[in-house]
Amino acid sequence: MPDNCVTILNSVTRFLDRQHGLYINGQWQASQAEQRLAVYNPADGQQISSTADANAADVALAVSSAHQAFTAGVWAQRLPAERERILLRYADLLEQHCEELAQLETLEQGKSINISRAFEVGCTLNWMRYTAGLTTKITGQTLDVSIPMPPGARYQVYTRKEPIGVVAGIVPWNFPLLIGMRKVMPALAAGCSIVIKPSETTPLTLLRMAELASEAGVPPGVFNVVTGRGAVCGKALTEHPLIAKVSFTGSTPVGKGIARAAADRLTRVTLELGGKNPAIVLQDADLQQVIEGLMAGSFLNQGQVCAASSRIYIEAPIYDRLVAGFEQAVKSLSVGPGMDGSTQINPLVSLAHRNKVAAYLDDARNKRAELISGSAGPDAQGFYIPPTLVINPDDSLNLAREEVFGPVVNLIRVADAEEALRKANDTDYGLTASLWTTSLQAAMAYTPRIQAGTVWVNTHTLIDANMPFGGFKQSGSGRDFGPDWLDAYTESKSVCIRY
Ligand code: NDP
């Protein structure tokens, strides 16, 4: 590690050195497969740890443990207030171990330690407490009905929200803790059991969170973690017959495969998938605010954010000024390891992903696109890609329409708002978008015309537990967050009483 990097905690070193197993039934268990999966530090390409490579038999054991816990009612039948207290204690434990978890996240994922502290840990904490509170607010309805038989009979109907059963959670590598807990917490708040699979690239923080769940008082079997490859472990988990619901966050192609397999059993599915998110900048926008907001919106976590702005449509009168401002901002970004808190751009998550993003840039270069890049980063073995602006890319470029998921953003000149709206909506995706304007009239007129699950005005990428989040079109189905979040983890039962 370079001199200016954060000092690694002893607890982190000890955790990395462990021979990690699978977390099943409240304890560590060895995998039945001998092979292990290496975990690498993206900043230097060195192996830092390894995890089990769970096979279908391991997954079956974890699902069976979760199912037994669910049918025995060890969690769902606790008083809601008891579950709430345990989940709040769980959040307190994360807070006590915040630096440890932030360091683990930066070491396995590559992102800045500042982002790990503020987002991975800070936002997760807020969201955990919000979701714990939902435990005591599960409600149904009482309904008057008009059933006319037999003559003289009277009926009263009420609905109950009951936990759906065993949930399978599949987590991507970009925000492993944050997105992982976005599956664990609503499942536990609703009274479900869960088996969760982190990405093989970034498995460490969820393994640590499993231990903390037991310490908080979550009963054995209710929260299980299996580590392994998506095509083996993930597939076995999502297709297991005892899984009642799959909560998946990841790429659109894998999400579609999961939805197809789920259709066979009508397993409930929530899908949070990819995006190619537009930002529309009107000529009356505050340009300084645009540059600050969209630099963050585009380059947070090196652009490895499903909600990131990756296509910026700019009205012609301000186009040259804005491109000059973005160029200056991109060239001033410092690039280096995430453990050095003074750096702003850090390595991508893995060599494979780095190469995928590099291929998009090579394709653009070969087709003579105009690229403006910032610093290439340290001359090390790390998985770096320079932050890059693509000027007015032609539609024939792969990066014009596909999700790059890297520090690459397209700047596109448009004649007016109508052209911007048409181009913004001309995509199979519909996750997020932003509109930049000082005109209230424009904001109110244009936001309904943007096809996206979240539309921000004069900001981008801000997410809150009380704000539903999910995609239109091929960006997914279902919503995370918000007061109705637990509906996706419950079944509604109508009870009809004759009196
Ligand atoms: P992938 O779809 O490749 O992987 C996501 C998860 O699915 C990983 O845990 C992976 O395991 C697992 N997986 C892979 N194949 C299968 C399978 N056949 N069955 C079950 N599970 C499987 O996505 P990435 O990890 O590359 O994540 C990036 C993608 O996630 C981007 O497209 C991004 O937009 C999207 N995303 C969406 C978000 C949203 O809220 N809409 C938020 C964050 C990311 P393994 O890695 O071990 O192979």
# chains A, B, ... in the order shown; residues from 1 in each chain; ligands from 1
>>> residues_around(residues="Arg117 in chain A", least_positions_apart="3", cutoff="8 Å", atoms="only C-alpha atoms", output="mmCIF file with all heavy atoms, in the first residue's frame")
data_model
loop_
_atom_site.group_PDB
_atom_site.id
_atom_site.type_symbol
_atom_site.label_atom_id
_atom_site.label_comp_id
_atom_site.auth_asym_id
_atom_site.auth_seq_id
_atom_site.Cartn_x
_atom_site.Cartn_y
_atom_site.Cartn_z
ATOM 1 N N CYS A 98 -18.277 -0.170 11.798
ATOM 2 C CA CYS A 98 -18.384 0.544 10.512
ATOM 3 C C CYS A 98 -17.046 0.635 9.772
ATOM 4 O O CYS A 98 -16.991 0.416 8.562
ATOM 5 C CB CYS A 98 -19.017 1.919 10.711
ATOM 6 S SG CYS A 98 -18.141 2.981 11.839
ATOM 7 N N GLU A 99 -15.974 0.936 10.481
ATOM 8 C CA GLU A 99 -14.699 1.099 9.777
ATOM 9 C C GLU A 99 -14.202 -0.240 9.213
ATOM 10 O O GLU A 99 -13.670 -0.307 8.104
ATOM 11 C CB GLU A 99 -13.658 1.730 10.712
ATOM 12 C CG GLU A 99 -12.290 1.970 10.100
ATOM 13 C CD GLU A 99 -12.273 2.937 8.898
ATOM 14 O OE1 GLU A 99 -13.264 3.653 8.677
ATOM 15 O OE2 GLU A 99 -11.258 2.932 8.165
ATOM 16 N N ALA A 102 -16.198 -0.907 6.108
ATOM 17 C CA ALA A 102 -15.816 0.019 5.023
ATOM 18 C C ALA A 102 -14.478 -0.419 4.419
ATOM 19 O O ALA A 102 -14.308 -0.431 3.191
ATOM 20 C CB ALA A 102 -15.733 1.440 5.561
ATOM 21 N N ILE A 113 -12.397 4.708 -0.051
ATOM 22 C CA ILE A 113 -12.762 4.464 1.349
ATOM 23 C C ILE A 113 -13.818 5.486 1.806
ATOM 24 O O ILE A 113 -14.682 5.170 2.624
ATOM 25 C CB ILE A 113 -11.506 4.486 2.267
ATOM 26 C CG1 ILE A 113 -11.841 4.059 3.695
ATOM 27 C CG2 ILE A 113 -10.804 5.835 2.252
ATOM 28 C CD1 ILE A 113 -12.187 2.624 3.868
ATOM 29 N N ASN A 114 -13.773 6.685 1.223
ATOM 30 C CA ASN A 114 -14.784 7.699 1.585
ATOM 31 C C ASN A 114 -16.181 7.247 1.140
ATOM 32 O O ASN A 114 -17.172 7.457 1.844
ATOM 33 C CB ASN A 114 -14.475 9.041 0.910
ATOM 34 C CG ASN A 114 -13.101 9.535 1.268
ATOM 35 O OD1 ASN A 114 -12.647 9.317 2.387
ATOM 36 N ND2 ASN A 114 -12.415 10.159 0.337
ATOM 37 N N GLU A 120 -21.625 2.745 1.375
ATOM 38 C CA GLU A 120 -21.799 1.319 1.698
ATOM 39 C C GLU A 120 -22.238 1.161 3.157
ATOM 40 O O GLU A 120 -23.149 0.398 3.456
ATOM 41 C CB GLU A 120 -20.495 0.543 1.482
ATOM 42 C CG GLU A 120 -20.099 0.398 0.032
ATOM 43 C CD GLU A 120 -20.792 -0.756 -0.690
ATOM 44 O OE1 GLU A 120 -21.749 -1.330 -0.165
ATOM 45 O OE2 GLU A 120 -20.344 -1.062 -1.811
ATOM 46 N N VAL A 121 -21.575 1.874 4.056
ATOM 47 C CA VAL A 121 -21.914 1.710 5.467
ATOM 48 C C VAL A 121 -22.960 2.747 5.902
ATOM 49 O O VAL A 121 -23.981 2.400 6.494
ATOM 50 C CB VAL A 121 -20.651 1.792 6.356
ATOM 51 C CG1 VAL A 121 -21.027 1.739 7.822
ATOM 52 C CG2 VAL A 121 -19.697 0.654 6.009
ATOM 53 N N GLY A 122 -22.721 4.020 5.587
ATOM 54 C CA GLY A 122 -23.609 5.089 6.076
ATOM 55 C C GLY A 122 -25.037 4.925 5.569
ATOM 56 O O GLY A 122 -25.998 4.937 6.360
#
>>> residues_near_ligand(ligand="ligand 1", cutoff="8 Å", atoms="only C-alpha atoms and all ligand atoms", output="compact mmCIF listing (two decimals) with all heavy atoms, in the first residue's frame")
# COMPACT_ATOMS: atom_id res chain seq x y z
N ILE A 170 -29.86 -12.34 -4.74
CA ILE A 170 -28.67 -12.41 -5.61
C ILE A 170 -28.14 -10.98 -5.77
O ILE A 170 -28.87 -10.07 -6.18
CB ILE A 170 -29.03 -12.98 -7.01
CG1 ILE A 170 -29.70 -14.35 -6.88
CG2 ILE A 170 -27.79 -13.03 -7.89
CD1 ILE A 170 -28.78 -15.51 -6.63
N VAL A 171 -26.86 -10.82 -5.44
CA VAL A 171 -26.29 -9.47 -5.27
C VAL A 171 -25.15 -9.25 -6.27
O VAL A 171 -24.31 -10.12 -6.44
CB VAL A 171 -25.73 -9.35 -3.83
CG1 VAL A 171 -25.22 -7.95 -3.54
CG2 VAL A 171 -26.79 -9.76 -2.81
N PRO A 172 -25.10 -8.07 -6.91
CA PRO A 172 -23.99 -7.79 -7.83
C PRO A 172 -22.76 -7.27 -7.06
O PRO A 172 -22.82 -7.12 -5.84
CB PRO A 172 -24.56 -6.70 -8.73
CG PRO A 172 -25.48 -5.94 -7.82
CD PRO A 172 -26.04 -6.94 -6.84
N TRP A 173 -21.70 -6.97 -7.80
CA TRP A 173 -20.43 -6.61 -7.15
C TRP A 173 -20.24 -5.12 -6.95
O TRP A 173 -19.25 -4.70 -6.38
CB TRP A 173 -19.25 -7.18 -7.93
CG TRP A 173 -19.34 -6.98 -9.42
CD1 TRP A 173 -19.62 -7.95 -10.35
CD2 TRP A 173 -19.18 -5.76 -10.16
NE1 TRP A 173 -19.65 -7.41 -11.62
CE2 TRP A 173 -19.38 -6.07 -11.52
CE3 TRP A 173 -18.90 -4.44 -9.80
CZ2 TRP A 173 -19.31 -5.10 -12.53
CZ3 TRP A 173 -18.83 -3.47 -10.81
CH2 TRP A 173 -19.03 -3.81 -12.14
N ASN A 174 -21.16 -4.28 -7.43
CA ASN A 174 -20.83 -2.85 -7.40
C ASN A 174 -21.04 -2.21 -6.03
O ASN A 174 -20.25 -1.38 -5.60
CB ASN A 174 -21.58 -2.09 -8.50
CG ASN A 174 -23.07 -2.18 -8.37
OD1 ASN A 174 -23.59 -3.12 -7.77
ND2 ASN A 174 -23.78 -1.23 -8.93
N PHE A 175 -22.11 -2.62 -5.31
CA PHE A 175 -22.32 -2.17 -3.93
C PHE A 175 -22.73 -3.39 -3.11
O PHE A 175 -23.92 -3.55 -2.77
CB PHE A 175 -23.40 -1.09 -3.87
CG PHE A 175 -22.94 0.26 -4.34
CD1 PHE A 175 -23.19 0.67 -5.64
CD2 PHE A 175 -22.21 1.11 -3.51
CE1 PHE A 175 -22.75 1.90 -6.10
CE2 PHE A 175 -21.77 2.35 -3.95
CZ PHE A 175 -22.04 2.74 -5.26
N ILE A 179 -26.43 -3.19 -1.44
CA ILE A 179 -27.48 -3.91 -2.18
C ILE A 179 -27.81 -5.23 -1.47
O ILE A 179 -28.96 -5.65 -1.43
CB ILE A 179 -27.08 -4.11 -3.65
CG1 ILE A 179 -26.97 -2.75 -4.34
CG2 ILE A 179 -28.10 -5.00 -4.38
CD1 ILE A 179 -26.51 -2.79 -5.78
N LYS A 197 -26.73 -14.79 -1.97
CA LYS A 197 -25.48 -15.08 -2.68
C LYS A 197 -24.86 -13.79 -3.17
O LYS A 197 -25.36 -13.14 -4.09
CB LYS A 197 -25.73 -16.00 -3.88
CG LYS A 197 -24.41 -16.50 -4.47
CD LYS A 197 -24.50 -16.91 -5.92
CE LYS A 197 -24.09 -15.84 -6.88
NZ LYS A 197 -22.70 -15.38 -6.82
N PRO A 198 -23.73 -13.40 -2.57
CA PRO A 198 -23.01 -12.24 -3.11
C PRO A 198 -22.30 -12.63 -4.40
O PRO A 198 -22.16 -13.81 -4.70
CB PRO A 198 -21.99 -11.91 -2.00
CG PRO A 198 -21.83 -13.16 -1.21
CD PRO A 198 -23.07 -14.00 -1.41
N SER A 199 -21.84 -11.64 -5.13
CA SER A 199 -21.01 -11.94 -6.32
C SER A 199 -19.72 -12.62 -5.86
O SER A 199 -19.17 -12.28 -4.82
CB SER A 199 -20.69 -10.65 -7.07
OG SER A 199 -19.67 -10.90 -8.00
N GLU A 200 -19.24 -13.55 -6.67
CA GLU A 200 -17.98 -14.22 -6.31
C GLU A 200 -16.81 -13.23 -6.23
O GLU A 200 -15.83 -13.47 -5.57
CB GLU A 200 -17.66 -15.31 -7.35
CG GLU A 200 -17.34 -14.75 -8.72
CD GLU A 200 -17.47 -15.79 -9.84
OE1 GLU A 200 -18.60 -16.17 -10.16
OE2 GLU A 200 -16.44 -16.20 -10.36
N THR A 201 -16.97 -12.08 -6.92
CA THR A 201 -15.90 -11.06 -6.92
C THR A 201 -15.84 -10.32 -5.59
O THR A 201 -14.75 -9.90 -5.17
CB THR A 201 -16.18 -10.04 -8.06
OG1 THR A 201 -16.64 -10.74 -9.20
CG2 THR A 201 -14.96 -9.24 -8.40
N THR A 202 -16.96 -10.14 -4.93
CA THR A 202 -17.02 -9.29 -3.72
C THR A 202 -17.86 -9.95 -2.62
O THR A 202 -18.91 -9.44 -2.23
CB THR A 202 -17.67 -7.93 -4.08
OG1 THR A 202 -18.93 -8.21 -4.71
CG2 THR A 202 -16.80 -7.09 -4.98
N THR A 227 -21.54 -18.66 -0.91
CA THR A 227 -20.66 -17.99 -1.86
C THR A 227 -20.34 -18.96 -2.99
O THR A 227 -20.19 -20.16 -2.74
CB THR A 227 -19.34 -17.56 -1.19
OG1 THR A 227 -18.74 -18.71 -0.58
CG2 THR A 227 -19.57 -16.48 -0.16
N GLY A 228 -20.24 -18.43 -4.19
CA GLY A 228 -19.92 -19.30 -5.32
C GLY A 228 -20.17 -18.58 -6.62
O GLY A 228 -20.48 -17.38 -6.64
N ARG A 229 -20.06 -19.34 -7.70
CA ARG A 229 -20.22 -18.73 -9.03
C ARG A 229 -21.70 -18.60 -9.39
O ARG A 229 -22.51 -19.45 -9.02
CB ARG A 229 -19.50 -19.60 -10.06
CG ARG A 229 -17.98 -19.47 -9.99
CD ARG A 229 -17.30 -20.56 -10.74
NE ARG A 229 -17.47 -21.85 -10.06
CZ ARG A 229 -17.45 -23.02 -10.67
NH1 ARG A 229 -17.32 -23.10 -11.97
NH2 ARG A 229 -17.61 -24.14 -9.97
N GLY A 230 -22.00 -17.54 -10.13
CA GLY A 230 -23.39 -17.28 -10.49
C GLY A 230 -24.02 -18.42 -11.25
O GLY A 230 -25.14 -18.86 -10.93
N ALA A 231 -23.30 -18.94 -12.25
CA ALA A 231 -23.89 -19.95 -13.12
C ALA A 231 -24.10 -21.28 -12.41
O ALA A 231 -24.88 -22.11 -12.88
CB ALA A 231 -22.98 -20.15 -14.34
N VAL A 232 -23.46 -21.48 -11.26
CA VAL A 232 -23.61 -22.74 -10.52
C VAL A 232 -24.44 -22.49 -9.25
O VAL A 232 -25.59 -22.92 -9.13
CB VAL A 232 -22.21 -23.32 -10.14
CG1 VAL A 232 -22.36 -24.62 -9.36
CG2 VAL A 232 -21.38 -23.52 -11.40
N CYS A 233 -23.85 -21.75 -8.34
CA CYS A 233 -24.48 -21.52 -7.04
C CYS A 233 -25.72 -20.63 -7.19
O CYS A 233 -26.79 -20.93 -6.65
CB CYS A 233 -23.41 -20.87 -6.16
SG CYS A 233 -23.97 -20.20 -4.63
N GLY A 234 -25.60 -19.55 -7.97
CA GLY A 234 -26.73 -18.64 -8.15
C GLY A 234 -27.89 -19.33 -8.84
O GLY A 234 -29.05 -19.18 -8.46
N LYS A 235 -27.56 -20.12 -9.86
CA LYS A 235 -28.59 -20.82 -10.62
C LYS A 235 -29.30 -21.84 -9.72
O LYS A 235 -30.53 -21.92 -9.69
CB LYS A 235 -27.94 -21.51 -11.82
CG LYS A 235 -28.90 -22.13 -12.79
CD LYS A 235 -28.14 -22.55 -14.06
CE LYS A 235 -29.05 -23.02 -15.17
NZ LYS A 235 -29.95 -24.08 -14.84
N ALA A 236 -28.50 -22.61 -8.96
CA ALA A 236 -29.11 -23.63 -8.08
C ALA A 236 -30.02 -22.96 -7.05
O ALA A 236 -31.09 -23.48 -6.70
CB ALA A 236 -28.00 -24.43 -7.39
N LEU A 237 -29.61 -21.80 -6.57
CA LEU A 237 -30.41 -21.11 -5.55
C LEU A 237 -31.72 -20.58 -6.14
O LEU A 237 -32.80 -20.83 -5.59
CB LEU A 237 -29.57 -19.96 -4.96
CG LEU A 237 -30.25 -19.08 -3.92
CD1 LEU A 237 -30.75 -19.91 -2.73
CD2 LEU A 237 -29.30 -17.98 -3.43
N THR A 238 -31.63 -19.87 -7.25
CA THR A 238 -32.85 -19.24 -7.78
C THR A 238 -33.84 -20.28 -8.31
O THR A 238 -35.03 -20.02 -8.38
CB THR A 238 -32.52 -18.22 -8.89
OG1 THR A 238 -31.69 -18.87 -9.86
CG2 THR A 238 -31.79 -17.03 -8.34
N PHE A 248 -33.42 -10.14 -7.20
CA PHE A 248 -32.19 -10.14 -8.00
C PHE A 248 -31.80 -8.73 -8.38
O PHE A 248 -32.63 -7.96 -8.85
CB PHE A 248 -32.41 -10.97 -9.27
CG PHE A 248 -31.26 -10.89 -10.25
CD1 PHE A 248 -30.13 -11.68 -10.09
CD2 PHE A 248 -31.30 -10.00 -11.33
CE1 PHE A 248 -29.07 -11.60 -10.98
CE2 PHE A 248 -30.24 -9.92 -12.23
CZ PHE A 248 -29.12 -10.72 -12.05
N THR A 249 -30.56 -8.40 -8.19
CA THR A 249 -30.00 -7.17 -8.75
C THR A 249 -28.79 -7.56 -9.59
O THR A 249 -27.89 -8.24 -9.09
CB THR A 249 -29.58 -6.17 -7.66
OG1 THR A 249 -30.71 -5.88 -6.84
CG2 THR A 249 -29.07 -4.88 -8.27
N GLY A 250 -28.78 -7.15 -10.83
CA GLY A 250 -27.67 -7.50 -11.71
C GLY A 250 -27.98 -7.11 -13.13
O GLY A 250 -28.82 -6.24 -13.38
N SER A 251 -27.36 -7.81 -14.06
CA SER A 251 -27.49 -7.41 -15.46
C SER A 251 -28.83 -7.86 -16.05
O SER A 251 -29.44 -8.82 -15.57
CB SER A 251 -26.34 -8.03 -16.26
OG SER A 251 -26.44 -9.43 -16.18
N THR A 252 -29.24 -7.19 -17.10
CA THR A 252 -30.52 -7.52 -17.74
C THR A 252 -30.52 -8.95 -18.31
O THR A 252 -31.50 -9.68 -18.09
CB THR A 252 -30.87 -6.46 -18.79
OG1 THR A 252 -31.04 -5.20 -18.09
CG2 THR A 252 -32.13 -6.78 -19.54
N PRO A 253 -29.46 -9.41 -18.99
CA PRO A 253 -29.53 -10.79 -19.53
C PRO A 253 -29.69 -11.84 -18.43
O PRO A 253 -30.51 -12.76 -18.58
CB PRO A 253 -28.19 -10.95 -20.26
CG PRO A 253 -27.72 -9.57 -20.54
CD PRO A 253 -28.25 -8.69 -19.46
N VAL A 254 -28.93 -11.72 -17.34
CA VAL A 254 -29.06 -12.72 -16.26
C VAL A 254 -30.45 -12.60 -15.61
O VAL A 254 -31.10 -13.60 -15.32
CB VAL A 254 -27.93 -12.57 -15.22
CG1 VAL A 254 -28.16 -13.51 -14.03
CG2 VAL A 254 -26.57 -12.86 -15.86
N GLY A 255 -30.92 -11.38 -15.45
CA GLY A 255 -32.26 -11.17 -14.87
C GLY A 255 -33.35 -11.83 -15.70
O GLY A 255 -34.28 -12.45 -15.17
N GLY A 257 -33.00 -14.44 -17.61
CA GLY A 257 -32.88 -15.89 -17.43
C GLY A 257 -33.55 -16.32 -16.13
O GLY A 257 -34.25 -17.35 -16.08
N ILE A 258 -33.36 -15.54 -15.08
CA ILE A 258 -33.97 -15.87 -13.79
C ILE A 258 -35.49 -15.78 -13.89
O ILE A 258 -36.22 -16.64 -13.37
CB ILE A 258 -33.39 -14.95 -12.70
CG1 ILE A 258 -31.96 -15.40 -12.39
CG2 ILE A 258 -34.26 -14.92 -11.44
CD1 ILE A 258 -31.19 -14.53 -11.45
N LEU A 271 -36.81 -7.72 -9.90
CA LEU A 271 -35.60 -7.58 -10.72
C LEU A 271 -35.17 -6.12 -10.76
O LEU A 271 -35.95 -5.25 -11.15
CB LEU A 271 -35.88 -8.04 -12.15
CG LEU A 271 -36.33 -9.49 -12.35
CD1 LEU A 271 -36.77 -9.73 -13.79
CD2 LEU A 271 -35.22 -10.46 -11.98
N GLU A 272 -33.95 -5.88 -10.32
CA GLU A 272 -33.36 -4.53 -10.44
C GLU A 272 -32.21 -4.69 -11.43
O GLU A 272 -31.18 -5.27 -11.10
CB GLU A 272 -32.80 -4.08 -9.10
CG GLU A 272 -33.82 -4.02 -7.99
CD GLU A 272 -34.34 -2.62 -7.76
OE1 GLU A 272 -33.68 -1.67 -8.18
OE2 GLU A 272 -35.41 -2.49 -7.15
N LEU A 273 -32.39 -4.17 -12.65
CA LEU A 273 -31.44 -4.50 -13.71
C LEU A 273 -30.66 -3.27 -14.18
O LEU A 273 -30.55 -2.30 -13.46
CB LEU A 273 -32.21 -5.18 -14.85
CG LEU A 273 -33.09 -6.37 -14.41
CD1 LEU A 273 -33.87 -6.95 -15.57
CD2 LEU A 273 -32.25 -7.45 -13.73
N GLY A 274 -30.14 -3.38 -15.38
CA GLY A 274 -29.22 -2.35 -15.85
C GLY A 274 -29.90 -1.06 -16.27
O GLY A 274 -31.13 -0.93 -16.25
N GLY A 275 -29.08 -0.09 -16.66
CA GLY A 275 -29.60 1.19 -17.13
C GLY A 275 -28.65 1.84 -18.12
O GLY A 275 -27.46 1.49 -18.17
N GLN A 304 -19.63 2.57 -11.96
CA GLN A 304 -20.19 1.21 -11.77
C GLN A 304 -21.44 1.32 -10.88
O GLN A 304 -21.50 0.78 -9.78
CB GLN A 304 -19.13 0.30 -11.13
CG GLN A 304 -17.88 0.16 -11.96
CD GLN A 304 -16.73 -0.42 -11.19
OE1 GLN A 304 -16.23 -1.48 -11.52
NE2 GLN A 304 -16.28 0.24 -10.14
N VAL A 305 -22.39 2.08 -11.36
CA VAL A 305 -23.61 2.37 -10.62
C VAL A 305 -24.76 2.21 -11.60
O VAL A 305 -24.74 2.84 -12.67
CB VAL A 305 -23.58 3.82 -10.05
CG1 VAL A 305 -24.86 4.14 -9.32
CG2 VAL A 305 -22.38 4.03 -9.15
N CYS A 306 -25.75 1.39 -11.24
CA CYS A 306 -26.85 1.16 -12.18
C CYS A 306 -27.57 2.46 -12.52
O CYS A 306 -28.07 2.62 -13.62
CB CYS A 306 -27.84 0.16 -11.59
SG CYS A 306 -28.44 0.67 -9.97
N ALA A 307 -27.60 3.40 -11.56
CA ALA A 307 -28.34 4.65 -11.75
C ALA A 307 -27.50 5.74 -12.39
O ALA A 307 -27.99 6.84 -12.63
CB ALA A 307 -28.83 5.14 -10.38
N GLU A 403 -24.90 -0.55 -21.94
CA GLU A 403 -24.47 -0.11 -20.60
C GLU A 403 -22.98 -0.43 -20.44
O GLU A 403 -22.59 -1.59 -20.48
CB GLU A 403 -25.28 -0.86 -19.54
CG GLU A 403 -24.96 -0.44 -18.13
CD GLU A 403 -25.68 -1.29 -17.10
OE1 GLU A 403 -25.79 -2.51 -17.28
OE2 GLU A 403 -26.14 -0.71 -16.09
N PHE A 405 -20.98 0.65 -17.75
CA PHE A 405 -20.75 0.39 -16.32
C PHE A 405 -19.29 0.69 -15.94
O PHE A 405 -18.62 -0.08 -15.25
CB PHE A 405 -21.09 -1.07 -15.99
CG PHE A 405 -21.84 -1.23 -14.69
CD1 PHE A 405 -23.01 -0.55 -14.45
CD2 PHE A 405 -21.37 -2.07 -13.70
CE1 PHE A 405 -23.71 -0.70 -13.26
CE2 PHE A 405 -22.06 -2.23 -12.49
CZ PHE A 405 -23.23 -1.54 -12.29
N LEU A 431 -34.25 2.99 -16.20
CA LEU A 431 -34.02 2.96 -14.75
C LEU A 431 -34.12 4.36 -14.13
O LEU A 431 -34.99 4.62 -13.31
CB LEU A 431 -32.66 2.31 -14.44
CG LEU A 431 -32.42 1.99 -12.97
CD1 LEU A 431 -33.47 1.03 -12.43
CD2 LEU A 431 -31.02 1.42 -12.76
N PHE A 469 -37.67 2.68 -5.67
CA PHE A 469 -36.62 2.66 -6.69
C PHE A 469 -36.75 1.39 -7.52
O PHE A 469 -36.85 0.28 -6.98
CB PHE A 469 -35.24 2.70 -6.02
CG PHE A 469 -34.10 2.74 -7.02
CD1 PHE A 469 -33.73 3.93 -7.62
CD2 PHE A 469 -33.43 1.58 -7.35
CE1 PHE A 469 -32.70 3.97 -8.55
CE2 PHE A 469 -32.39 1.61 -8.28
CZ PHE A 469 -32.03 2.80 -8.88
N GLY A 470 -36.73 1.52 -8.84
CA GLY A 470 -36.80 0.36 -9.72
C GLY A 470 -36.95 0.85 -11.15
O GLY A 470 -36.93 2.05 -11.40
N GLY A 471 -37.09 -0.11 -12.07
CA GLY A 471 -37.00 0.28 -13.47
C GLY A 471 -38.27 0.17 -14.28
O GLY A 471 -39.12 -0.68 -14.01
N SER A 475 -35.28 -2.40 -17.53
CA SER A 475 -34.47 -2.14 -16.33
C SER A 475 -35.03 -2.88 -15.12
O SER A 475 -34.53 -2.69 -14.00
CB SER A 475 -34.38 -0.65 -16.06
OG SER A 475 -33.50 -0.05 -16.99
N GLY A 476 -36.07 -3.67 -15.32
CA GLY A 476 -36.50 -4.51 -14.20
C GLY A 476 -37.98 -4.48 -13.95
O GLY A 476 -38.75 -3.88 -14.70
>>> select_by_dssp(residues="range 98-151 of chain A", states="helix (DSSP H, G or I)", output="number ranges by chain")
A: 98-109, 113-137
>>> residues_around(residues="Tyr90 in chain A", least_positions_apart="5", cutoff="8 Å", atoms="only C-alpha atoms", output="list of chain:residue names")
A:Leu212, A:Ala213, A:Glu215, A:Ala216
>>> residues_around(residues="range 352-362 of chain A", least_positions_apart="4", cutoff="8 Å", atoms="only C-alpha atoms", output="list in words")
Leu348, Asn366, Phe383, Tyr384, Ile385, Asn398, Leu399, Val404, Phe405 and Gly406 of chain A
>>> residues_around(residues="Ser193 in chain A", least_positions_apart="2", cutoff="6 Å", atoms="only C-alpha atoms", output="PDB file with N, CA, C and O atoms, in the first residue's frame")
ATOM      1  N   ALA A  66     -33.061 -22.715   5.809  1.00  0.00           N
ATOM      2  CA  ALA A  66     -33.941 -21.544   5.802  1.00  0.00           C
ATOM      3  C   ALA A  66     -35.408 -21.971   5.838  1.00  0.00           C
ATOM      4  O   ALA A  66     -36.239 -21.365   6.528  1.00  0.00           O
ATOM      5  N   PHE A  70     -38.230 -21.287   8.666  1.00  0.00           N
ATOM      6  CA  PHE A  70     -39.473 -20.597   8.319  1.00  0.00           C
ATOM      7  C   PHE A  70     -40.691 -21.395   8.778  1.00  0.00           C
ATOM      8  O   PHE A  70     -41.605 -20.849   9.413  1.00  0.00           O
ATOM      9  N   VAL A 166     -39.239 -18.545   1.915  1.00  0.00           N
ATOM     10  CA  VAL A 166     -37.779 -18.431   1.806  1.00  0.00           C
ATOM     11  C   VAL A 166     -37.431 -17.572   0.584  1.00  0.00           C
ATOM     12  O   VAL A 166     -37.890 -17.835  -0.525  1.00  0.00           O
ATOM     13  N   VAL A 222     -32.359 -18.415   9.726  1.00  0.00           N
ATOM     14  CA  VAL A 222     -33.160 -17.335   9.127  1.00  0.00           C
ATOM     15  C   VAL A 222     -32.344 -16.549   8.096  1.00  0.00           C
ATOM     16  O   VAL A 222     -32.876 -16.075   7.102  1.00  0.00           O
TER      17      VAL A 222
END
